[in-house]
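For reference, the structure is listed below as structure tokens.
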Amino acid sequence: MMHAHEDTSRRSGFSRREFLKGSGVAAAATALAQQSASVAQEQGVEVVRGKKRITVEVNGEPVSVEVETRTTLLEMLRYQLDLTGAKPVSTDGSCGASTVLVDGKPALAAALLAIACDGKKIQTVESLAKPELDPVPKAFVEHDAQQCGFCTPGFVMAVRAFLNQHPHATEEEIRNGLNGNICRCGTYANVFQAVLSLVKGGANG
Amino acid sequence: MANYAWPSRDEAQVIGKKTSRLDGVAKSTGTAKYTYDVNLKGQLIAKALGCPHAHCRITKIDTSPALRVPGVVHVEVLRDAGSEIEWQGEILAVVAAETEGAAAEGVKAIRVEYEPLDVFVKDYDLEAAERAGRTSSGGGRVQTEREPGPNDDEDKFADAEIERLLKASKYVVEGFYGIDPITHCCLEPHGSTVEFKDGKLLAYLSTQNVSGTDDGFARDLNLTASDVEVRCDYIGGGFGSKFAPDYWGVAAARISQKTGRPVKFMLDRDLELKLAGNRPSAYLKVRVGADENGVIQVWDSHHWGTGGATGGAVSQNVVPYVLVPKNYRRRVTNIKTNAAPARAWRAPNHPQACAISQTVIDDLARVMGKDSYDVFLANLVNATNGKADVYREQMRIAAELMGWKEKYHLHGKGPRNGSIVEGLGMALHTWGGAANNSSCTLRIRPDGSVESWCGTQDLGTGTRTVCAMVLAETFGLSPADVRVNIGSSKYPVSGASGGSTTVGGVSESHRRAAQDALEKLFALVAPKLEAQAEQLEAVGGRIRVKGAPQRSISWKEACALLGDMPLEVTQSYRSGTPSPLSSSQVAGVQMAHVAVDLETGVVRMKKFVAVQDQGLVINPKTCASQIYGGVCMGIAGALFEQRIMDPETGAFVNCELSDYRLPRLGDVGEIIVHLYEPDSERQRGVVGNGEPPVISPIAAISNAICNATGVRVPVAPYTPQRVLEALQRRA
């Protein structure tokens with residue numbers, strides 16, 4: 001599974017050059033897409049269309065989806081799989097609201113093309129609800145680390161990933177390690193307390 | 001009619017107890033459906049072409065290339081050739097397509113030609129605005145203890161009197177203070193997912209106003225408001241900017257009407273920041289004179305600022321803020337700029353007024369060489385809201401929580417640790433927060449289930465939970481036993497969530513409906529328990545005789561007495577009606593402790609204390625969250641966020657979240673919240689607290705920076721660059 005991405009790229013005969021043309025000017029703001037935009041601008045706007053079928057594991061279930069090459073992982077999750085937990089807040093993902101785990105590592109679904117996830121394991125916030133409620137969302141509820149709640153799923157996933165790597169984080173590590181997410185309502189003090197309770201309580205399942 | 005009242009602190013079973021929000025798990029596991037998340041079968045995705053120029057005329061617009069883009073289904077032109085555009089981002093056309101990618105590609109394909117017109121965005125530069133003909137008077141007021149004589153020219157008298165009072169003052173402070181515009185920056189952008197079908201419109205709208213937005217859609221589509229249902233189960237932030245369908249919401253509905261398909265049209269981030277709400281700026285020149293105790297005797301100010309292309313500056317009514325001396329002259333100049341109109345921003349006018357006037361009090365302390373706390377304390381005699389005693393007590397509590405006495409040093413006189421200096425600052429605020437109009441329909445079914453409907457919404461304050469707690473308290477049940485329905489224009493009308501009015505409003509309507517229903521139920525139960533209805537109480541899931549708890553029946557048994565028909569009650573509260581359940585006017589005191597790096601100009605939050613009155617607290621958990629959140633938003637405005645416009649072109653240059661700086665978890669320091677709820681305040685009933693905590697932080701932080709460095713950084717946000725500039729000016 002580790003090298004699935006490279007394998008499927010070869011299998012589909014997808015060259016890097018075609019990919020750049022295919023992603024076009026309207027693609028999400030990844031480094032690659034920015035390159036492609038400048039390529040397209042130099043050549044006049046030329047969008048090469050194409051779809052590709054990819055296979056991903058989403059929350060433990062294998063899924064086969066046909067996506068446009070310019071489709072972001074976030075668009076695929078939200079529009080094609082109706083998994084709307086990860087949120088579209090900024091096109092470059094700089095707010096962290098689209099955080100999901102890809103092969104166990106936190107990633108910004110808004111800034112990742114779906115085709116780049118072929119063969120990978122995607123874990124979204126919805127997976128934390130079952131079979132039983134994960135300690136992270138549970139602590140968010142207990143400490144009221146949510147107001148409007150729009151940033152909350154991304155924050156929950158960022159905390160999940162952080163605690164997976166730092167189960168015994170110190171207060172300082174918590175303050176330094178969760179700065180990829182923006183909350184406009186200002187729940188930071190509550191998020192901090194939620195994370196602290198998980199570290200102290202050993203409820204970090 | 002029941003005798004509406006809240007239970008005493010000792011009697012209360014549910015209210016006043018920390019309760020987790022009932023929709024918390026849905027929010028934190030991503031199953032809560034926001035407007036953006038509603039995917040309707042066959043929906044089109046719409047994206048907008050925003051005008052790239054801040055002021056121009058459209059000379060030509062050609063949408064045909066967009067229609068040729070595969071996947072594009074419809075292009076709706078909103079501004080034709082000949083239209084004058086007055087701010088960047090104004091939507092010219094909307095493209096609806098099968099996918100986001102196709103819609104974005106369609107937007108790029110539209111060809112527009114523009115004739116550029118003169119641009120003005122320098123709201124901070126009063127002289128430039130006057131030269132550009134962009135100013136108008138926003139009014140003013142003069143108040144002096146001495147009255148002009150019958151033959152005096154009033155203006156000349158005021159001039160002479162102000163100068164006399166300043167001359168007679170022991171201490172005079174003269175200064176300039178300001179605060180730049182910021183945006184609302186809701187994380188869920190403005191927008192809707194709409195479906196026009198069979199002559200009716202279903203609109204999922206990200207709104208603070210479900211009961212008041214159906215009409216806005218109906219007018220444009222030539223429907224009656226009853227043909228429209230507006231739904232909003234969850235809203236991803238509003239802060240005062242989401243009261244209307246907005247022209248883009250109406251455009252989505254029109255596209256749905258024309259194409260026969262559902263349409264999702266949410267603004268992209270850059271347009272959200274450019275169009276969908278900003279807070280007016282305020283810049284103030286002031287002279288004040290104080291007596292030997294530091295009590296301000298005379299205030300003379302002129303402030304200006306912009307609410308964009310149509311809105312005004314900060315109202316003169318709130319300058320100076322809360323502490324108003326007996327003699328004052330104030331005036332305001334509105335500046336028209338090429339920016340989108342301002343919208344109500346959490347506590348309209350107050351944060352700016354506080355930032356530009358309570359900094360003056362701190363500068364007075366600096367000039368006097370006195371503890372800022374003592375100077376604020378002395379000036380409580382000028383409190384205009386009758387809350388001087390409350391402020392005094394709140395200051396005492398806040399100082400204790402902050403360790404003010406132990407930490408305080410005179411301005412710029414603290415120890416220096418390498419390049420770091422630390423300082424303390426405070427400010428205080430007020431807000432109305434009276435309950436809004438609210439209606440609630442309540443149904444108790446013979447099986448004992450309780451369900452309510454109310455056309456309110458949850459901005460993030462925990463409205464559902466508050467409604468459930470009030471019903472549960474009244475019926476002696478637990479909040480989880482009650483089913484609360486909110487978020488539809490088809491439910492009983494409730495006011496918009498703005499101005500800290502919702503918790504008061506829904507507490508009124510739900511308590512009233514519940515007490516009425518309970519009275520009816522008691523009448524059925526009384527004969528069973530061989531008691532009078534007035535002798536009964538509902539506690540712990542049972543209805544029982546007061547003083548004889550063994551004579552009781554369970555809630556379910558009681559409801560079974562209803563027979564076949566559910567019991568239904570509708571009750572309303574009309575805003576402004578005197579009531580034992582709610583009131584208005586709150587007080588709050590906040591204190592900030594910051595560290596400033598004199599070499600880099602970086603300000604770090606160390607600790608923040610907020611002491612807040614809000615009358616009776618229904619849910620201490622979510623109530624405290626409002627305060628934590630208000631403080632964080634205030635920290636944002638003090639140290640981070642700022643709408644930056646290119647002064648020549650009027651382009652909003654930081655309209656993406658990567659550039660529009662907001663604080664992160666590691667930036668806010670330690671925050672201490674104290675809910676101030678002595679009996680004297682609790683007995684006033686519920687008062688909203690959404691706005692109050694966001695008012696003081698900017699002034700408190702400015703004062704703390706000044707206390708640390710001995711230098712006033714005049715204009716918020718207090719960025720490293722501005723801190724360094726202020727330090728260099730002193731050097």
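Residue numbering restarts at 1 in every chain; chains get A, B, ... in the order shown in the structure tokens, and ligands count up from 1 in that same order.
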Please produce, as a Markdown table, a per-residue contact table for chain A versus chain B (criterion: any atom at most 6 Å away, only C-alpha atoms considered), showing the nearest atom pair and its distance in Å to one decimal, sorted by chain then residue number.
```
| residue | atom | partner | partner_atom | distance |
| --- | --- | --- | --- | --- |
| A:Ala26 | CA | B:Glu105 | CA | 5.6 |
| A:Thr84 | CA | B:Asp37 | CA | 5.5 |
| A:Gly85 | CA | B:Gly30 | CA | 3.8 |
| A:Val89 | CA | B:Leu187 | CA | 5.7 |
| A:Ser90 | CA | B:Arg269 | CA | 5.8 |
| A:Ser94 | CA | B:Ser658 | CA | 5.5 |
| A:Val125 | CA | B:Thr29 | CA | 5.4 |
| A:Glu126 | CA | B:Thr29 | CA | 5.2 |
| A:Ala129 | CA | B:Thr29 | CA | 5.9 |
| A:Pro137 | CA | B:Ser28 | CA | 5.2 |
| A:Val141 | CA | B:Gly24 | CA | 5.2 |
| A:Gln147 | CA | B:Gly460 | CA | 4.2 |
| A:Cys148 | CA | B:Gly460 | CA | 3.8 |
| A:Gly149 | CA | B:Lys27 | CA | 5.6 |
| A:Phe150 | CA | B:Gly236 | CA | 4.9 |
| A:Thr152 | CA | B:Ser28 | CA | 5.7 |
| A:Pro153 | CA | B:Ser28 | CA | 5.4 |
| A:Arg175 | CA | B:Gly666 | CA | 4.4 |
| A:Asn176 | CA | B:Gly666 | CA | 5.8 |
| A:Asn179 | CA | B:Arg664 | CA | 5.3 |
| A:Ile182 | CA | B:Arg664 | CA | 6.0 |
| A:Cys185 | CA | B:Gly629 | CA | 5.3 |
| A:Gly186 | CA | B:Gly629 | CA | 4.0 |
| A:Thr187 | CA | B:Gly629 | CA | 5.6 |
| A:Tyr188 | CA | B:Leu665 | CA | 5.0 |
```
Contacts of Lys120 of chain A at 7 Å (only C-alpha atoms; same-chain gap of 5+ positions) as a PyMOL selection string: chain A and resi 1+56-57+102-103
Minimum-distance residue to Ala517 of chain B, chosen among B:Gln683, B:Ser357, B:Ser241, B:Ser452 (using only C-alpha atoms):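 Looking only at the distances to Ala517 of chain B, the closest residue turns out to be B:Ser452.
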Polymer residues at most 8 Å from segment 156-168 of chain A, only C-alpha atoms, same-chain spacing of 3 or more positions, as a list in words: Gly96, Thr99, Val100, Leu101, Gly104, Lys105, Pro106, Thr124, Val125, Val136, Pro137, Phe140, Thr152, Pro153, Gly177, Leu178, Gly180, Asn181, Val195, Val199, Lys200 and Asn204 of chain A; Ser28 and Thr29 of chain B
The selected residues should be written to file as an mmCIF file, in the first residue's frame (atoms: C-alpha atoms).
```
data_model
loop_
_atom_site.group_PDB
_atom_site.id
_atom_site.type_symbol
_atom_site.label_atom_id
_atom_site.label_comp_id
_atom_site.auth_asym_id
_atom_site.auth_seq_id
_atom_site.Cartn_x
_atom_site.Cartn_y
_atom_site.Cartn_z
ATOM 1 C CA GLY A 96 -6.907 23.485 8.822
ATOM 2 C CA THR A 99 -7.904 18.203 7.962
ATOM 3 C CA VAL A 100 -8.225 14.445 7.404
ATOM 4 C CA LEU A 101 -5.764 11.617 7.933
ATOM 5 C CA GLY A 104 -2.476 7.979 9.250
ATOM 6 C CA LYS A 105 -0.906 11.402 8.757
ATOM 7 C CA PRO A 106 -2.765 14.700 8.921
ATOM 8 C CA THR A 124 -12.342 11.446 8.099
ATOM 9 C CA VAL A 125 -13.872 12.911 11.236
ATOM 10 C CA VAL A 136 -11.191 13.399 21.208
ATOM 11 C CA PRO A 137 -14.682 14.510 20.134
ATOM 12 C CA PHE A 140 -14.430 18.553 22.797
ATOM 13 C CA THR A 152 -14.446 21.784 14.872
ATOM 14 C CA PRO A 153 -14.165 18.672 12.654
ATOM 15 C CA GLY A 177 1.619 21.844 18.245
ATOM 16 C CA LEU A 178 -1.912 22.855 17.305
ATOM 17 C CA GLY A 180 -2.579 24.799 11.999
ATOM 18 C CA ASN A 181 -6.250 25.427 12.708
ATOM 19 C CA VAL A 195 -6.403 18.257 24.919
ATOM 20 C CA VAL A 199 -3.128 13.869 28.017
ATOM 21 C CA LYS A 200 -3.638 13.873 31.778
ATOM 22 C CA ASN A 204 -6.259 8.976 24.601
ATOM 23 C CA SER B 28 -17.462 17.377 16.730
ATOM 24 C CA THR B 29 -17.939 14.298 14.555
#
```
Please provide the set of residues having any atom within 8 Å of segment 136-143 of chain B, restricted to only C-alpha atoms, with same-chain residues fewer than 6 positions apart removed, written as a PDB file with all heavy atoms, in the first residue's frame.
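Dumped everything to out03.pdb:
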```
ATOM      1  N   ALA B 158     -19.016  77.306  23.518  1.00  0.00           N
ATOM      2  CA  ALA B 158     -18.446  75.972  23.745  1.00  0.00           C
ATOM      3  C   ALA B 158     -16.937  75.999  23.593  1.00  0.00           C
ATOM      4  O   ALA B 158     -16.203  75.431  24.425  1.00  0.00           O
ATOM      5  CB  ALA B 158     -19.060  74.960  22.775  1.00  0.00           C
ATOM      6  N   GLY B 312     -21.658  54.471   7.621  1.00  0.00           N
ATOM      7  CA  GLY B 312     -21.052  55.598   8.333  1.00  0.00           C
ATOM      8  C   GLY B 312     -19.918  55.153   9.234  1.00  0.00           C
ATOM      9  O   GLY B 312     -19.575  53.981   9.311  1.00  0.00           O
ATOM     10  N   ALA B 313     -19.332  56.127   9.917  1.00  0.00           N
ATOM     11  CA  ALA B 313     -18.255  55.852  10.870  1.00  0.00           C
ATOM     12  C   ALA B 313     -18.872  55.398  12.194  1.00  0.00           C
ATOM     13  O   ALA B 313     -20.092  55.262  12.311  1.00  0.00           O
ATOM     14  CB  ALA B 313     -17.421  57.112  11.074  1.00  0.00           C
ATOM     15  N   SER B 315     -20.472  55.608  15.638  1.00  0.00           N
ATOM     16  CA  SER B 315     -21.409  56.599  16.161  1.00  0.00           C
ATOM     17  C   SER B 315     -20.765  57.492  17.217  1.00  0.00           C
ATOM     18  O   SER B 315     -19.999  57.024  18.060  1.00  0.00           O
ATOM     19  CB  SER B 315     -22.611  55.874  16.773  1.00  0.00           C
ATOM     20  OG  SER B 315     -23.360  56.769  17.556  1.00  0.00           O
ATOM     21  N   GLN B 316     -21.129  58.773  17.183  1.00  0.00           N
ATOM     22  CA  GLN B 316     -20.600  59.691  18.203  1.00  0.00           C
ATOM     23  C   GLN B 316     -21.249  59.450  19.570  1.00  0.00           C
ATOM     24  O   GLN B 316     -20.713  59.859  20.596  1.00  0.00           O
ATOM     25  CB  GLN B 316     -20.754  61.149  17.759  1.00  0.00           C
ATOM     26  CG  GLN B 316     -22.152  61.562  17.351  1.00  0.00           C
ATOM     27  CD  GLN B 316     -22.907  62.299  18.437  1.00  0.00           C
ATOM     28  OE1 GLN B 316     -22.339  62.676  19.442  1.00  0.00           O
ATOM     29  NE2 GLN B 316     -24.192  62.503  18.226  1.00  0.00           N
ATOM     30  N   LYS B 326     -18.599  65.426  32.751  1.00  0.00           N
ATOM     31  CA  LYS B 326     -19.724  66.368  32.733  1.00  0.00           C
ATOM     32  C   LYS B 326     -19.620  67.337  31.573  1.00  0.00           C
ATOM     33  O   LYS B 326     -20.617  67.845  31.086  1.00  0.00           O
ATOM     34  CB  LYS B 326     -19.738  67.167  34.045  1.00  0.00           C
ATOM     35  CG  LYS B 326     -19.968  66.304  35.266  1.00  0.00           C
ATOM     36  CD  LYS B 326     -20.067  67.175  36.513  1.00  0.00           C
ATOM     37  CE  LYS B 326     -19.958  66.361  37.778  1.00  0.00           C
ATOM     38  NZ  LYS B 326     -18.565  66.117  38.203  1.00  0.00           N
ATOM     39  N   ASN B 327     -18.386  67.607  31.150  1.00  0.00           N
ATOM     40  CA  ASN B 327     -18.180  68.536  30.038  1.00  0.00           C
ATOM     41  C   ASN B 327     -17.547  67.781  28.870  1.00  0.00           C
ATOM     42  O   ASN B 327     -16.493  67.160  29.034  1.00  0.00           O
ATOM     43  CB  ASN B 327     -17.234  69.667  30.443  1.00  0.00           C
ATOM     44  CG  ASN B 327     -17.757  70.423  31.653  1.00  0.00           C
ATOM     45  OD1 ASN B 327     -18.672  71.222  31.551  1.00  0.00           O
ATOM     46  ND2 ASN B 327     -17.180  70.123  32.820  1.00  0.00           N
ATOM     47  N   TYR B 328     -18.198  67.828  27.760  1.00  0.00           N
ATOM     48  CA  TYR B 328     -17.573  67.172  26.603  1.00  0.00           C
ATOM     49  C   TYR B 328     -18.053  67.814  25.308  1.00  0.00           C
ATOM     50  O   TYR B 328     -19.123  68.416  25.233  1.00  0.00           O
ATOM     51  CB  TYR B 328     -17.848  65.667  26.586  1.00  0.00           C
ATOM     52  CG  TYR B 328     -19.295  65.272  26.434  1.00  0.00           C
ATOM     53  CD1 TYR B 328     -19.895  65.205  25.173  1.00  0.00           C
ATOM     54  CD2 TYR B 328     -20.070  64.953  27.546  1.00  0.00           C
ATOM     55  CE1 TYR B 328     -21.227  64.840  25.031  1.00  0.00           C
ATOM     56  CE2 TYR B 328     -21.389  64.593  27.418  1.00  0.00           C
ATOM     57  CZ  TYR B 328     -21.961  64.536  26.157  1.00  0.00           C
ATOM     58  OH  TYR B 328     -23.279  64.188  26.021  1.00  0.00           O
ATOM     59  N   ARG B 329     -17.186  67.675  24.319  1.00  0.00           N
ATOM     60  CA  ARG B 329     -17.564  68.034  22.948  1.00  0.00           C
ATOM     61  C   ARG B 329     -17.038  66.909  22.067  1.00  0.00           C
ATOM     62  O   ARG B 329     -15.878  66.513  22.176  1.00  0.00           O
ATOM     63  CB  ARG B 329     -16.924  69.359  22.546  1.00  0.00           C
ATOM     64  CG  ARG B 329     -17.225  69.736  21.087  1.00  0.00           C
ATOM     65  CD  ARG B 329     -16.836  71.165  20.783  1.00  0.00           C
ATOM     66  NE  ARG B 329     -15.399  71.386  20.951  1.00  0.00           N
ATOM     67  CZ  ARG B 329     -14.818  72.572  20.787  1.00  0.00           C
ATOM     68  NH1 ARG B 329     -15.529  73.647  20.465  1.00  0.00           N
ATOM     69  NH2 ARG B 329     -13.505  72.696  20.949  1.00  0.00           N
ATOM     70  N   ARG B 330     -17.904  66.403  21.227  1.00  0.00           N
ATOM     71  CA  ARG B 330     -17.481  65.303  20.357  1.00  0.00           C
ATOM     72  C   ARG B 330     -18.100  65.518  18.993  1.00  0.00           C
ATOM     73  O   ARG B 330     -19.219  66.017  18.875  1.00  0.00           O
ATOM     74  CB  ARG B 330     -17.927  63.968  20.942  1.00  0.00           C
ATOM     75  CG  ARG B 330     -19.432  63.847  21.057  1.00  0.00           C
ATOM     76  CD  ARG B 330     -19.832  62.671  21.919  1.00  0.00           C
ATOM     77  NE  ARG B 330     -21.277  62.505  21.948  1.00  0.00           N
ATOM     78  CZ  ARG B 330     -21.935  61.830  22.886  1.00  0.00           C
ATOM     79  NH1 ARG B 330     -21.302  61.264  23.872  1.00  0.00           N
ATOM     80  NH2 ARG B 330     -23.246  61.715  22.833  1.00  0.00           N
ATOM     81  N   ARG B 331     -17.361  65.183  17.966  1.00  0.00           N
ATOM     82  CA  ARG B 331     -17.959  65.197  16.640  1.00  0.00           C
ATOM     83  C   ARG B 331     -17.324  64.120  15.795  1.00  0.00           C
ATOM     84  O   ARG B 331     -16.239  63.623  16.104  1.00  0.00           O
ATOM     85  CB  ARG B 331     -17.851  66.565  15.990  1.00  0.00           C
ATOM     86  CG  ARG B 331     -16.464  67.023  15.667  1.00  0.00           C
ATOM     87  CD  ARG B 331     -16.483  68.496  15.256  1.00  0.00           C
ATOM     88  NE  ARG B 331     -15.154  68.999  15.105  1.00  0.00           N
ATOM     89  CZ  ARG B 331     -14.550  69.154  13.928  1.00  0.00           C
ATOM     90  NH1 ARG B 331     -15.186  68.849  12.796  1.00  0.00           N
ATOM     91  NH2 ARG B 331     -13.321  69.619  13.862  1.00  0.00           N
ATOM     92  N   VAL B 332     -18.031  63.740  14.757  1.00  0.00           N
ATOM     93  CA  VAL B 332     -17.574  62.632  13.925  1.00  0.00           C
ATOM     94  C   VAL B 332     -17.716  63.005  12.457  1.00  0.00           C
ATOM     95  O   VAL B 332     -18.661  63.692  12.069  1.00  0.00           O
ATOM     96  CB  VAL B 332     -18.347  61.325  14.257  1.00  0.00           C
ATOM     97  CG1 VAL B 332     -19.836  61.501  14.101  1.00  0.00           C
ATOM     98  CG2 VAL B 332     -17.880  60.166  13.390  1.00  0.00           C
ATOM     99  N   THR B 333     -16.749  62.568  11.668  1.00  0.00           N
ATOM    100  CA  THR B 333     -16.792  62.764  10.222  1.00  0.00           C
ATOM    101  C   THR B 333     -16.828  61.397   9.540  1.00  0.00           C
ATOM    102  O   THR B 333     -15.979  60.540   9.810  1.00  0.00           O
ATOM    103  CB  THR B 333     -15.547  63.546   9.747  1.00  0.00           C
ATOM    104  OG1 THR B 333     -15.537  64.816  10.404  1.00  0.00           O
ATOM    105  CG2 THR B 333     -15.568  63.740   8.235  1.00  0.00           C
ATOM    106  N   ASN B 334     -17.827  61.202   8.693  1.00  0.00           N
ATOM    107  CA  ASN B 334     -17.924  59.960   7.924  1.00  0.00           C
ATOM    108  C   ASN B 334     -17.079  60.085   6.661  1.00  0.00           C
ATOM    109  O   ASN B 334     -17.069  61.134   6.012  1.00  0.00           O
ATOM    110  CB  ASN B 334     -19.369  59.706   7.485  1.00  0.00           C
ATOM    111  CG  ASN B 334     -20.295  59.470   8.660  1.00  0.00           C
ATOM    112  OD1 ASN B 334     -19.889  58.923   9.675  1.00  0.00           O
ATOM    113  ND2 ASN B 334     -21.547  59.881   8.508  1.00  0.00           N
ATOM    114  N   ILE B 335     -16.412  59.016   6.320  1.00  0.00           N
ATOM    115  CA  ILE B 335     -15.618  59.011   5.090  1.00  0.00           C
ATOM    116  C   ILE B 335     -16.125  57.899   4.187  1.00  0.00           C
ATOM    117  O   ILE B 335     -16.280  56.753   4.627  1.00  0.00           O
ATOM    118  CB  ILE B 335     -14.121  58.799   5.402  1.00  0.00           C
ATOM    119  CG1 ILE B 335     -13.615  59.969   6.251  1.00  0.00           C
ATOM    120  CG2 ILE B 335     -13.318  58.661   4.116  1.00  0.00           C
ATOM    121  CD1 ILE B 335     -12.165  59.870   6.644  1.00  0.00           C
TER     122      ILE B 335
END
```
Computed interatomic separation between atom CA of Asn190 of chain A and atom CA of Met605 of chain B (Å):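 Those two atoms sit 16.5 Å apart.
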